[in-house]
Amino acid sequence: MKAPLRLVKVFSWGTVIKPNLYERLQALDARVFVDAKNEFKENREWWVIEDNGQIIAYCGSLYIDGVCIFVRAWVHRPYRGNGLQSRMIKLRLKAAKSCYKAITYVHPDGISSMNHLVNNGFRFYVPQAKYAGDGFLYFYKDMK
C-alpha cells in the first residue's frame, strides 16, 4: 500500500464528478452488496479510495430532512486494519456539517465497523422503523 491513499468524491447530489470512476464504483457495489438495493440516487454523495488504479475502499451518504444516513462503506480485505474505515466516517461527518444527526446501520457480523463507529462518537439505538431491515444494528450521532 502506497501512502497516502486519498478519498476522492465521485458523485455529489446528482452530479457525476468522475464518470469512469463512478461507473466502476457502481459495478463494484453490485458485486459487493449483491442482494442490497440500489443506493445510487440524486440525494447522495460517494467517495472512493484507489490504490494502483483499483478501488480498494468506498463509502456513501444520503441526506434527507437534516439527517445524514451512511448508506455504504466497504474496504477491500487486504487493506483492512489501516484506518480507512475511520477516515471514511470522519469524511462523511465533515460532509454532513449542515445535518443535525448522522445515522447508520451495521450487520451484526461487522464488529470492526461497530467499533469504528463507537470510536467516532456514534451510539447504539433502536429506531422506530428499521429502515435497513430487522437483521441490522443501528447507530446515531448528534451533530449539533
# chains A, B, ... in the order shown; residues from 1 in each chain; ligands from 1

call {"tool": "select_by_dssp", "arguments": {"residues": "region 3-137 of chain A", "states": "alpha helix (DSSP H)", "output": "PyMOL selection string"}}
result
chain A and resi 19-32+84-95+111-119

call {"tool": "residues_around", "arguments": {"residues": "Cys59 (chain A)", "least_positions_apart": "5", "cutoff": "8 Å", "atoms": "only C-alpha atoms", "output": "MDAnalysis selection string"}}
result
chainID A and resid 46:48 70:74 88

call {"tool": "residues_around", "arguments": {"residues": "region 89-91 of chain A", "least_positions_apart": "6", "cutoff": "12 Å", "atoms": "only C-alpha atoms", "output": "ChimeraX atom specification"}}
result
/A:6-9,45-48,58-61,68-74,83,97,102-104,113-122,141

call {"tool": "closest_residue", "arguments": {"among": "A:Arg24, A:Ile56, A:Gly133, A:His107", "to": "Arg80 (chain A)", "atoms": "only C-alpha atoms"}}
result
A:Ile56

call {"tool": "atom_distance", "arguments": {"atom1": "CA of Leu21 (chain A)", "atom2": "CA of Gly81 (chain A)"}}
result
24.2 Å

call {"tool": "closest_residue", "arguments": {"among": "A:Tyr131, A:Phe124, A:Ile55, A:Glu39", "to": "Asn20 (chain A)", "atoms": "only C-alpha atoms"}}
result
A:Ile55

call {"tool": "atom_distance", "arguments": {"atom1": "CA of Tyr105 (chain A)", "atom2": "CA of Pro19 (chain A)"}}
result
28.0 Å

call {"tool": "select_by_dssp", "arguments": {"residues": "region 56-88 of chain A", "states": "strand (DSSP E)", "output": "list of chain:residue names"}}
result
A:Ile56, A:Ala57, A:Tyr58, A:Cys59, A:Gly60, A:Ser61, A:Leu62, A:Tyr63, A:Ile64, A:Val67, A:Cys68, A:Ile69, A:Phe70, A:Val71, A:Arg72, A:Ala73, A:Trp74, A:Val75

call {"tool": "write_last_selection", "arguments": {"atoms": "N, CA and C atoms", "output": "tab-separated table (two decimals), in the first residue's frame"}}
result
chain	number	residue	atom	x	y	z
A	56	ILE	N	-10.16	0.33	-3.66
A	56	ILE	CA	-9.89	-0.52	-2.51
A	56	ILE	C	-10.78	-0.16	-1.31
A	57	ALA	N	-11.53	0.94	-1.42
A	57	ALA	CA	-12.48	1.32	-0.38
A	57	ALA	C	-13.44	2.35	-0.97
A	58	TYR	N	-14.65	2.37	-0.41
A	58	TYR	CA	-15.61	3.40	-0.81
A	58	TYR	C	-16.67	3.57	0.26
A	59	CYS	N	-17.35	4.70	0.17
A	59	CYS	CA	-18.43	4.99	1.11
A	59	CYS	C	-19.40	5.96	0.47
A	60	GLY	N	-20.61	5.97	1.01
A	60	GLY	CA	-21.64	6.86	0.52
A	60	GLY	C	-22.50	7.38	1.65
A	61	SER	N	-23.13	8.51	1.39
A	61	SER	CA	-24.07	9.11	2.34
A	61	SER	C	-25.29	9.58	1.59
A	62	LEU	N	-26.41	9.53	2.27
A	62	LEU	CA	-27.64	10.11	1.73
A	62	LEU	C	-28.12	11.16	2.71
A	63	TYR	N	-28.75	12.18	2.20
A	63	TYR	CA	-29.18	13.31	3.03
A	63	TYR	C	-30.68	13.50	2.86
A	64	ILE	N	-31.37	13.59	4.00
A	64	ILE	CA	-32.81	13.82	3.95
A	64	ILE	C	-33.26	14.50	5.24
A	67	VAL	N	-30.85	14.97	8.13
A	67	VAL	CA	-30.21	13.75	8.64
A	67	VAL	C	-29.30	13.19	7.56
A	68	CYS	N	-28.11	12.81	7.95
A	68	CYS	CA	-27.17	12.12	7.06
A	68	CYS	C	-27.22	10.64	7.40
A	69	ILE	N	-27.49	9.84	6.39
A	69	ILE	CA	-27.51	8.39	6.57
A	69	ILE	C	-26.32	7.80	5.83
A	70	PHE	N	-25.46	7.13	6.56
A	70	PHE	CA	-24.34	6.43	5.92
A	70	PHE	C	-24.92	5.19	5.25
A	71	VAL	N	-24.88	5.15	3.91
A	71	VAL	CA	-25.54	4.07	3.20
A	71	VAL	C	-24.63	2.90	2.85
A	72	ARG	N	-23.38	3.12	2.68
A	72	ARG	CA	-22.46	2.04	2.36
A	72	ARG	C	-21.06	2.41	2.85
A	73	ALA	N	-20.31	1.38	3.20
A	73	ALA	CA	-18.88	1.52	3.45
A	73	ALA	C	-18.27	0.15	3.23
A	74	TRP	N	-17.18	0.14	2.51
A	74	TRP	CA	-16.52	-1.13	2.21
A	74	TRP	C	-15.03	-0.88	2.06
A	75	VAL	N	-14.24	-1.81	2.61
A	75	VAL	CA	-12.78	-1.78	2.45
A	75	VAL	C	-12.35	-3.17	1.99

call {"tool": "closest_residue", "arguments": {"among": "A:Arg31, A:Lys130, A:Arg87, A:Arg44", "to": "Val16 (chain A)", "atoms": "only C-alpha atoms"}}
result
A:Arg44
